[in-house]
Amino acid sequence: MSIGFGILSWRGYASLNAALETYRDAQLFDLFDRTLLFLPQMEEAGIDIADRFNLDYAGAPNNLGILGGFKALAQTLETDVLVLAENDYMLIEPREEVTKQLSVARRHIEAGTAHVWRLRHRWLPGQTWNIERAQKYWPKPDASAAQQRTAQWRRLLRPMKARRLIGWNVFLDEAADERFPEYIRRTQEGDLLVSSHCLPWANNIFMIRRDFFLNTIIPAAEAAQGGRLINGHPTIETELNRGWWRRQDFWIGVGKGLFTHGRLGDRGY
């Protein structure tokens with residue numbers, strides 16, 4: 001299958017430039033058949049960055065939001081497998097590790113053993129990493145006895161919520177698959193597959209089949225529009241994670257990860 005790397009960038013040019021520098025240093029784009037920078041509300045500043053890094057670009061006259069932007073990006077980037085990112089994910093692993101992890105993820109995505117593969121770093125995720133809620137129910141193995149007891153009570157009082165948060169244990173415990181074999185599997189390569197019953201959809205940088213993204217994920221998000229918006233637009237995460245995603249039998253690949261989140265500047269959200 002062909003594979004492409006697409007970046008969605010609504011403004012945020014400082015973050016975009018910093019991320020692209022890390023990609024260039026590792027010659028990341030040499031590993032893909034096609035790369036594309038998609039610029040909603042396209043401006044000269046974004047075009048200049050695309051030219052500086054020798055990137056193909058496309059865009060739209062208006063801000064499409066996250067859902068609309070990712071949909072337009074995937075429609076334009078016509079490869080069988082996609083790696084999709086917002087503009088503020090910086091590469092922090094060396095090229096040898098990048099090649100290895102992308103190869104493993106691609107193998108599982110193409111085989112259908114994983115429906116989506118997260119590429120955000122498991123142990124160095126960067127900014128805006130909302131793990132605290134999960135830790136209230138599933139603290140790290142080395143947490144204090146008091147924290148463990150409090151978490152146990154929370155799980156007894158709210159068992160359904162505790163189950164929904166089980167998947168977050170892959171970011172807290174190296175042996176999460178041994179504790180929750182029904183929901184977390186270890187792959188032959190040593191990575192993890194996590195059930196969508198207990199780990200939410202995330203717009204973090206991810207690998208996915210293009211047909212699955214455009215024919216399943218995007219229509220489900222569009223059908224569930226409503227509720228919290230960002231800059232007046234739906235986000236995919238808000239729409240999917242109100243229930244639909246948890247009812248599916250999808251598997252999310254989680255390896256060591258390659259990218260950390262580092263937003264520079266303020267875009268109003």
# chains A, B, ... in the order shown; residues from 1 in each chain; ligands from 1
call {"tool": "residues_around", "arguments": {"residues": "Pro125 of chain A", "least_positions_apart": "5", "cutoff": "12 Å", "atoms": "only C-alpha atoms", "output": "short mmCIF file (atom, residue, chain, number, x, y, z; two decimals) with C-alpha atoms, in the first residue's frame"}}
result
data_model
loop_
_atom_site.label_atom_id
_atom_site.label_comp_id
_atom_site.auth_asym_id
_atom_site.auth_seq_id
_atom_site.Cartn_x
_atom_site.Cartn_y
_atom_site.Cartn_z
CA ASP A 88 2.62 21.07 16.68
CA TYR A 89 4.00 17.52 16.94
CA MET A 90 7.78 17.42 17.02
CA LEU A 91 9.83 14.33 16.24
CA ILE A 92 12.04 13.30 19.18
CA ARG A 118 -1.03 6.33 17.88
CA LEU A 119 2.40 7.84 17.22
CA ARG A 120 2.50 10.34 20.08
CA ASN A 130 -4.73 14.71 30.33
CA ILE A 131 -3.68 11.63 32.27
CA PHE A 171 0.66 5.07 29.70
CA ASN A 204 -2.86 13.09 18.35
CA ILE A 205 -0.63 12.20 15.43
CA LYS A 256 6.85 3.69 22.31
CA GLY A 257 5.92 6.60 20.08
CA LEU A 258 7.87 9.13 18.07
CA PHE A 259 6.43 12.61 18.53
CA THR A 260 5.87 15.01 21.41
CA HIS A 261 3.33 17.82 21.54
CA GLY A 262 4.80 21.31 21.77
#
call {"tool": "residues_around", "arguments": {"residues": "Arg210 of chain A", "least_positions_apart": "5", "cutoff": "8 Å", "atoms": "only C-alpha atoms", "output": "list in words"}}
result
Ala74, Glu78, Thr79, Asp80, Val81 and Leu82 of chain A
call {"tool": "select_by_dssp", "arguments": {"residues": "segment 9-213 of chain A", "states": "alpha helix (DSSP H)", "output": "MDAnalysis selection string"}}
result
chainID A and resid 13:25 44:52 65:76 95:111 132:137 145:157 159:164 176:179 210:212
call {"tool": "residues_around", "arguments": {"residues": "Leu165 of chain A", "least_positions_apart": "4", "cutoff": "12 Å", "atoms": "only C-alpha atoms", "output": "PyMOL selection string"}}
result
chain A and resi 130-139+154-155+158-161+169-172+180+183+194-200+246
call {"tool": "write_last_selection", "arguments": {"atoms": "C-alpha atoms", "output": "mmCIF file, in the first residue's frame"}}
result
data_model
loop_
_atom_site.group_PDB
_atom_site.id
_atom_site.type_symbol
_atom_site.label_atom_id
_atom_site.label_comp_id
_atom_site.auth_asym_id
_atom_site.auth_seq_id
_atom_site.Cartn_x
_atom_site.Cartn_y
_atom_site.Cartn_z
ATOM 1 C CA ASN A 130 -4.729 14.714 30.332
ATOM 2 C CA ILE A 131 -3.684 11.631 32.266
ATOM 3 C CA GLU A 132 -4.735 12.870 35.711
ATOM 4 C CA ARG A 133 -8.349 11.709 35.415
ATOM 5 C CA ALA A 134 -7.245 8.171 34.621
ATOM 6 C CA GLN A 135 -4.773 8.153 37.502
ATOM 7 C CA LYS A 136 -7.603 8.836 39.941
ATOM 8 C CA TYR A 137 -8.999 5.431 39.033
ATOM 9 C CA TRP A 138 -5.841 3.619 37.992
ATOM 10 C CA PRO A 139 -2.774 5.068 39.740
ATOM 11 C CA ARG A 154 -13.629 5.124 43.090
ATOM 12 C CA ARG A 155 -13.677 1.964 40.983
ATOM 13 C CA ARG A 158 -18.201 4.073 39.484
ATOM 14 C CA PRO A 159 -17.347 0.762 37.793
ATOM 15 C CA MET A 160 -18.470 1.800 34.291
ATOM 16 C CA LYS A 161 -16.286 4.896 34.320
ATOM 17 C CA ASN A 169 -3.019 2.080 31.881
ATOM 18 C CA VAL A 170 -0.735 1.617 28.864
ATOM 19 C CA PHE A 171 0.655 5.074 29.696
ATOM 20 C CA LEU A 172 1.003 4.271 33.394
ATOM 21 C CA PHE A 180 -6.192 -6.371 31.580
ATOM 22 C CA TYR A 183 -8.800 -5.085 26.711
ATOM 23 C CA VAL A 194 -5.944 -1.455 23.138
ATOM 24 C CA SER A 195 -9.704 -1.911 22.739
ATOM 25 C CA SER A 196 -11.773 1.107 21.765
ATOM 26 C CA HIS A 197 -14.071 0.112 24.642
ATOM 27 C CA CYS A 198 -11.577 1.647 27.060
ATOM 28 C CA LEU A 199 -9.340 4.103 25.184
ATOM 29 C CA PRO A 200 -10.832 7.113 23.378
ATOM 30 C CA ARG A 246 -16.666 2.826 22.837
#
call {"tool": "select_by_dssp", "arguments": {"residues": "segment 76-150 of chain A", "states": "strand (DSSP E or B)", "output": "PyMOL selection string"}}
result
chain A and resi 81-86+89-91+116-120+126
call {"tool": "residues_around", "arguments": {"residues": "Arg11 of chain A", "least_positions_apart": "3", "cutoff": "10 Å", "atoms": "only C-alpha atoms", "output": "ChimeraX atom specification"}}
result
/A:8,14-16,39-43,45-46,63,87,266-267
call {"tool": "atom_distance", "arguments": {"atom1": "atom CA of Leu84 of chain A", "atom2": "atom CA of Gln225 of chain A"}}
result
21.2 Å
call {"tool": "atom_distance", "arguments": {"atom1": "atom CA of Glu222 of chain A", "atom2": "atom CA of Leu64 of chain A"}}
result
13.0 Å
call {"tool": "residues_around", "arguments": {"residues": "Gly190 of chain A", "least_positions_apart": "2", "cutoff": "10 Å", "atoms": "only C-alpha atoms", "output": "mmCIF file with all heavy atoms, in the first residue's frame"}}
result
data_model
loop_
_atom_site.group_PDB
_atom_site.id
_atom_site.type_symbol
_atom_site.label_atom_id
_atom_site.label_comp_id
_atom_site.auth_asym_id
_atom_site.auth_seq_id
_atom_site.Cartn_x
_atom_site.Cartn_y
_atom_site.Cartn_z
ATOM 1 N N ARG A 185 -3.743 -6.095 24.481
ATOM 2 C CA ARG A 185 -2.989 -7.223 23.966
ATOM 3 C C ARG A 185 -1.556 -6.795 23.658
ATOM 4 O O ARG A 185 -1.315 -5.666 23.230
ATOM 5 C CB ARG A 185 -3.621 -7.741 22.673
ATOM 6 C CG ARG A 185 -5.081 -8.145 22.791
ATOM 7 C CD ARG A 185 -5.643 -8.432 21.404
ATOM 8 N NE ARG A 185 -7.036 -8.845 21.448
ATOM 9 C CZ ARG A 185 -7.806 -8.993 20.367
ATOM 10 N NH1 ARG A 185 -7.287 -8.755 19.168
ATOM 11 N NH2 ARG A 185 -9.071 -9.365 20.484
ATOM 12 N N ARG A 186 -0.636 -7.705 23.820
ATOM 13 C CA ARG A 186 0.759 -7.469 23.457
ATOM 14 C C ARG A 186 1.007 -8.046 22.067
ATOM 15 O O ARG A 186 0.667 -9.196 21.790
ATOM 16 C CB ARG A 186 1.675 -8.127 24.482
ATOM 17 C CG ARG A 186 3.156 -7.942 24.235
ATOM 18 C CD ARG A 186 3.678 -6.597 24.654
ATOM 19 N NE ARG A 186 3.474 -6.309 26.061
ATOM 20 C CZ ARG A 186 3.940 -5.212 26.661
ATOM 21 N NH1 ARG A 186 4.629 -4.317 25.968
ATOM 22 N NH2 ARG A 186 3.708 -5.000 27.943
ATOM 23 N N THR A 187 1.597 -7.267 21.180
ATOM 24 C CA THR A 187 1.899 -7.759 19.839
ATOM 25 C C THR A 187 3.201 -8.553 19.843
ATOM 26 O O THR A 187 3.979 -8.515 20.805
ATOM 27 C CB THR A 187 2.039 -6.601 18.838
ATOM 28 O OG1 THR A 187 3.246 -5.881 19.131
ATOM 29 C CG2 THR A 187 0.841 -5.666 18.915
ATOM 30 N N GLN A 188 3.448 -9.223 18.761
ATOM 31 C CA GLN A 188 4.688 -9.991 18.619
ATOM 32 C C GLN A 188 5.908 -9.087 18.729
ATOM 33 O O GLN A 188 6.955 -9.502 19.227
ATOM 34 C CB GLN A 188 4.682 -10.727 17.282
ATOM 35 C CG GLN A 188 5.872 -11.657 17.073
ATOM 36 C CD GLN A 188 5.789 -12.398 15.761
ATOM 37 O OE1 GLN A 188 4.915 -12.153 14.939
ATOM 38 N NE2 GLN A 188 6.699 -13.339 15.548
ATOM 39 N N LEU A 192 1.516 -2.583 21.955
ATOM 40 C CA LEU A 192 0.229 -2.892 22.572
ATOM 41 C C LEU A 192 -0.921 -2.564 21.639
ATOM 42 O O LEU A 192 -0.863 -1.604 20.866
ATOM 43 C CB LEU A 192 0.076 -2.107 23.879
ATOM 44 C CG LEU A 192 1.104 -2.451 24.961
ATOM 45 C CD1 LEU A 192 1.086 -1.417 26.071
ATOM 46 C CD2 LEU A 192 0.853 -3.839 25.525
ATOM 47 N N LEU A 193 -1.964 -3.371 21.728
ATOM 48 C CA LEU A 193 -3.229 -3.102 21.055
ATOM 49 C C LEU A 193 -4.279 -2.928 22.140
ATOM 50 O O LEU A 193 -4.444 -3.795 22.997
ATOM 51 C CB LEU A 193 -3.607 -4.251 20.125
ATOM 52 C CG LEU A 193 -2.663 -4.513 18.954
ATOM 53 C CD1 LEU A 193 -3.067 -5.792 18.224
ATOM 54 C CD2 LEU A 193 -2.652 -3.333 17.991
ATOM 55 N N VAL A 254 -0.503 1.109 20.176
ATOM 56 C CA VAL A 254 0.284 2.028 21.009
ATOM 57 C C VAL A 254 1.683 1.440 21.161
ATOM 58 O O VAL A 254 1.856 0.383 21.780
ATOM 59 C CB VAL A 254 -0.347 2.227 22.400
ATOM 60 C CG1 VAL A 254 0.511 3.189 23.232
ATOM 61 C CG2 VAL A 254 -1.773 2.762 22.286
ATOM 62 N N GLY A 255 2.664 2.088 20.586
ATOM 63 C CA GLY A 255 4.047 1.696 20.766
ATOM 64 C C GLY A 255 4.768 2.686 21.658
ATOM 65 O O GLY A 255 4.147 3.433 22.418
ATOM 66 N N LYS A 256 6.071 2.711 21.553
ATOM 67 C CA LYS A 256 6.854 3.694 22.312
ATOM 68 C C LYS A 256 6.499 5.103 21.881
ATOM 69 O O LYS A 256 6.433 6.025 22.694
ATOM 70 C CB LYS A 256 8.355 3.432 22.113
ATOM 71 C CG LYS A 256 9.256 4.428 22.810
ATOM 72 C CD LYS A 256 10.720 4.152 22.499
ATOM 73 C CE LYS A 256 11.637 5.183 23.147
ATOM 74 N NZ LYS A 256 13.054 4.956 22.786
#
call {"tool": "atom_distance", "arguments": {"atom1": "atom CA of Ala111 of chain A", "atom2": "atom CA of Gly253 of chain A"}}
result
12.4 Å
call {"tool": "closest_residue", "arguments": {"among": "A:Ala58, A:Gln27, A:Ser144, A:Ile208", "to": "Ser2 of chain A", "atoms": "only C-alpha atoms"}}
result
A:Ile208
call {"tool": "closest_residue", "arguments": {"among": "A:Ala72, A:Leu31, A:Ile7, A:Leu20", "to": "Asn54 of chain A", "atoms": "only C-alpha atoms"}}
result
A:Leu20
call {"tool": "residues_around", "arguments": {"residues": "Ala221 of chain A", "least_positions_apart": "6", "cutoff": "7 Å", "atoms": "only C-alpha atoms", "output": "NGL selection string"}}
result
:A and (236 or 239-240)
call {"tool": "decode", "arguments": {"residues": "segment 16-61 of chain A", "atoms": "N, CA and C atoms", "output": "short mmCIF file (atom, residue, chain, number, x, y, z; two decimals), in the first residue's frame"}}
result
data_model
loop_
_atom_site.label_atom_id
_atom_site.label_comp_id
_atom_site.auth_asym_id
_atom_site.auth_seq_id
_atom_site.Cartn_x
_atom_site.Cartn_y
_atom_site.Cartn_z
N LEU A 16 4.47 25.08 13.50
CA LEU A 16 4.67 24.36 12.24
C LEU A 16 6.14 24.38 11.84
N ASN A 17 6.75 25.54 11.91
CA ASN A 17 8.15 25.65 11.52
C ASN A 17 9.05 24.79 12.41
N ALA A 18 8.79 24.83 13.72
CA ALA A 18 9.60 24.04 14.66
C ALA A 18 9.44 22.55 14.40
N ALA A 19 8.20 22.10 14.15
CA ALA A 19 7.96 20.68 13.86
C ALA A 19 8.65 20.26 12.58
N LEU A 20 8.53 21.07 11.54
CA LEU A 20 9.13 20.71 10.26
C LEU A 20 10.65 20.64 10.33
N GLU A 21 11.24 21.45 11.17
CA GLU A 21 12.70 21.37 11.33
C GLU A 21 13.11 20.01 11.88
N THR A 22 12.33 19.49 12.83
CA THR A 22 12.67 18.16 13.36
C THR A 22 12.47 17.08 12.30
N TYR A 23 11.46 17.23 11.44
CA TYR A 23 11.23 16.26 10.38
C TYR A 23 12.37 16.30 9.36
N ARG A 24 12.78 17.51 9.03
CA ARG A 24 13.86 17.66 8.05
C ARG A 24 15.16 17.06 8.59
N ASP A 25 15.46 17.31 9.85
CA ASP A 25 16.71 16.80 10.43
C ASP A 25 16.78 15.28 10.38
N ALA A 26 15.63 14.62 10.52
CA ALA A 26 15.59 13.15 10.51
C ALA A 26 15.26 12.59 9.13
N GLN A 27 15.14 13.48 8.13
CA GLN A 27 14.76 13.06 6.78
C GLN A 27 13.49 12.20 6.80
N LEU A 28 12.56 12.64 7.61
CA LEU A 28 11.32 11.88 7.83
C LEU A 28 10.54 11.67 6.54
N PHE A 29 10.43 12.70 5.72
CA PHE A 29 9.55 12.61 4.57
C PHE A 29 10.07 11.66 3.51
N ASP A 30 11.34 11.26 3.58
CA ASP A 30 11.86 10.27 2.64
C ASP A 30 11.20 8.91 2.82
N LEU A 31 10.53 8.71 3.96
CA LEU A 31 9.91 7.42 4.26
C LEU A 31 8.48 7.32 3.72
N PHE A 32 8.02 8.37 3.05
CA PHE A 32 6.63 8.41 2.58
C PHE A 32 6.57 8.60 1.07
N ASP A 33 5.48 8.08 0.49
CA ASP A 33 5.28 8.24 -0.95
C ASP A 33 4.83 9.65 -1.30
N ARG A 34 4.12 10.28 -0.37
CA ARG A 34 3.66 11.65 -0.63
C ARG A 34 3.52 12.39 0.69
N THR A 35 3.79 13.67 0.69
CA THR A 35 3.59 14.52 1.86
C THR A 35 2.77 15.73 1.44
N LEU A 36 2.00 16.24 2.40
CA LEU A 36 1.12 17.35 2.07
C LEU A 36 0.88 18.21 3.30
N LEU A 37 1.00 19.52 3.13
CA LEU A 37 0.63 20.50 4.14
C LEU A 37 -0.71 21.10 3.72
N PHE A 38 -1.73 20.97 4.61
CA PHE A 38 -3.05 21.52 4.28
C PHE A 38 -3.28 22.75 5.13
N LEU A 39 -3.66 23.86 4.46
CA LEU A 39 -3.74 25.17 5.10
C LEU A 39 -5.16 25.74 4.99
N PRO A 40 -6.03 25.45 5.96
CA PRO A 40 -7.32 26.16 5.98
C PRO A 40 -7.06 27.65 6.25
N GLN A 41 -7.91 28.49 5.66
CA GLN A 41 -7.71 29.94 5.74
C GLN A 41 -6.28 30.26 5.28
N MET A 42 -5.97 29.80 4.10
CA MET A 42 -4.60 29.81 3.59
C MET A 42 -4.05 31.23 3.51
N GLU A 43 -2.83 31.38 4.03
CA GLU A 43 -2.16 32.68 4.07
C GLU A 43 -0.76 32.54 3.50
N GLU A 44 -0.18 33.67 3.14
CA GLU A 44 1.17 33.67 2.57
C GLU A 44 2.19 33.08 3.53
N ALA A 45 2.00 33.32 4.83
CA ALA A 45 2.97 32.80 5.81
C ALA A 45 3.05 31.29 5.74
N GLY A 46 1.90 30.63 5.60
CA GLY A 46 1.91 29.16 5.49
C GLY A 46 2.52 28.69 4.18
N ILE A 47 2.22 29.37 3.10
CA ILE A 47 2.78 29.01 1.79
C ILE A 47 4.30 29.17 1.81
N ASP A 48 4.77 30.24 2.44
CA ASP A 48 6.22 30.47 2.53
C ASP A 48 6.92 29.32 3.26
N ILE A 49 6.30 28.81 4.34
CA ILE A 49 6.89 27.69 5.07
C ILE A 49 6.89 26.44 4.20
N ALA A 50 5.80 26.20 3.48
CA ALA A 50 5.76 25.04 2.58
C ALA A 50 6.87 25.12 1.55
N ASP A 51 7.08 26.30 0.98
CA ASP A 51 8.13 26.47 -0.02
C ASP A 51 9.51 26.26 0.61
N ARG A 52 9.69 26.76 1.83
CA ARG A 52 11.00 26.66 2.48
C ARG A 52 11.38 25.20 2.72
N PHE A 53 10.38 24.36 3.03
CA PHE A 53 10.65 22.96 3.31
C PHE A 53 10.34 22.05 2.11
N ASN A 54 10.09 22.67 0.97
CA ASN A 54 9.84 21.92 -0.27
C ASN A 54 8.68 20.95 -0.10
N LEU A 55 7.58 21.44 0.47
CA LEU A 55 6.40 20.63 0.75
C LEU A 55 5.28 20.97 -0.23
N ASP A 56 4.61 19.96 -0.74
CA ASP A 56 3.36 20.21 -1.46
C ASP A 56 2.34 20.77 -0.47
N TYR A 57 1.49 21.65 -0.97
CA TYR A 57 0.48 22.21 -0.09
C TYR A 57 -0.84 22.38 -0.85
N ALA A 58 -1.90 22.39 -0.08
CA ALA A 58 -3.23 22.69 -0.57
C ALA A 58 -3.93 23.44 0.54
N GLY A 59 -5.13 23.94 0.27
CA GLY A 59 -5.78 24.70 1.32
C GLY A 59 -7.22 25.03 1.00
N ALA A 60 -7.77 25.89 1.83
CA ALA A 60 -9.15 26.34 1.71
C ALA A 60 -9.19 27.81 2.09
N PRO A 61 -10.18 28.56 1.59
CA PRO A 61 -10.24 29.99 1.90
C PRO A 61 -10.65 30.29 3.34
#
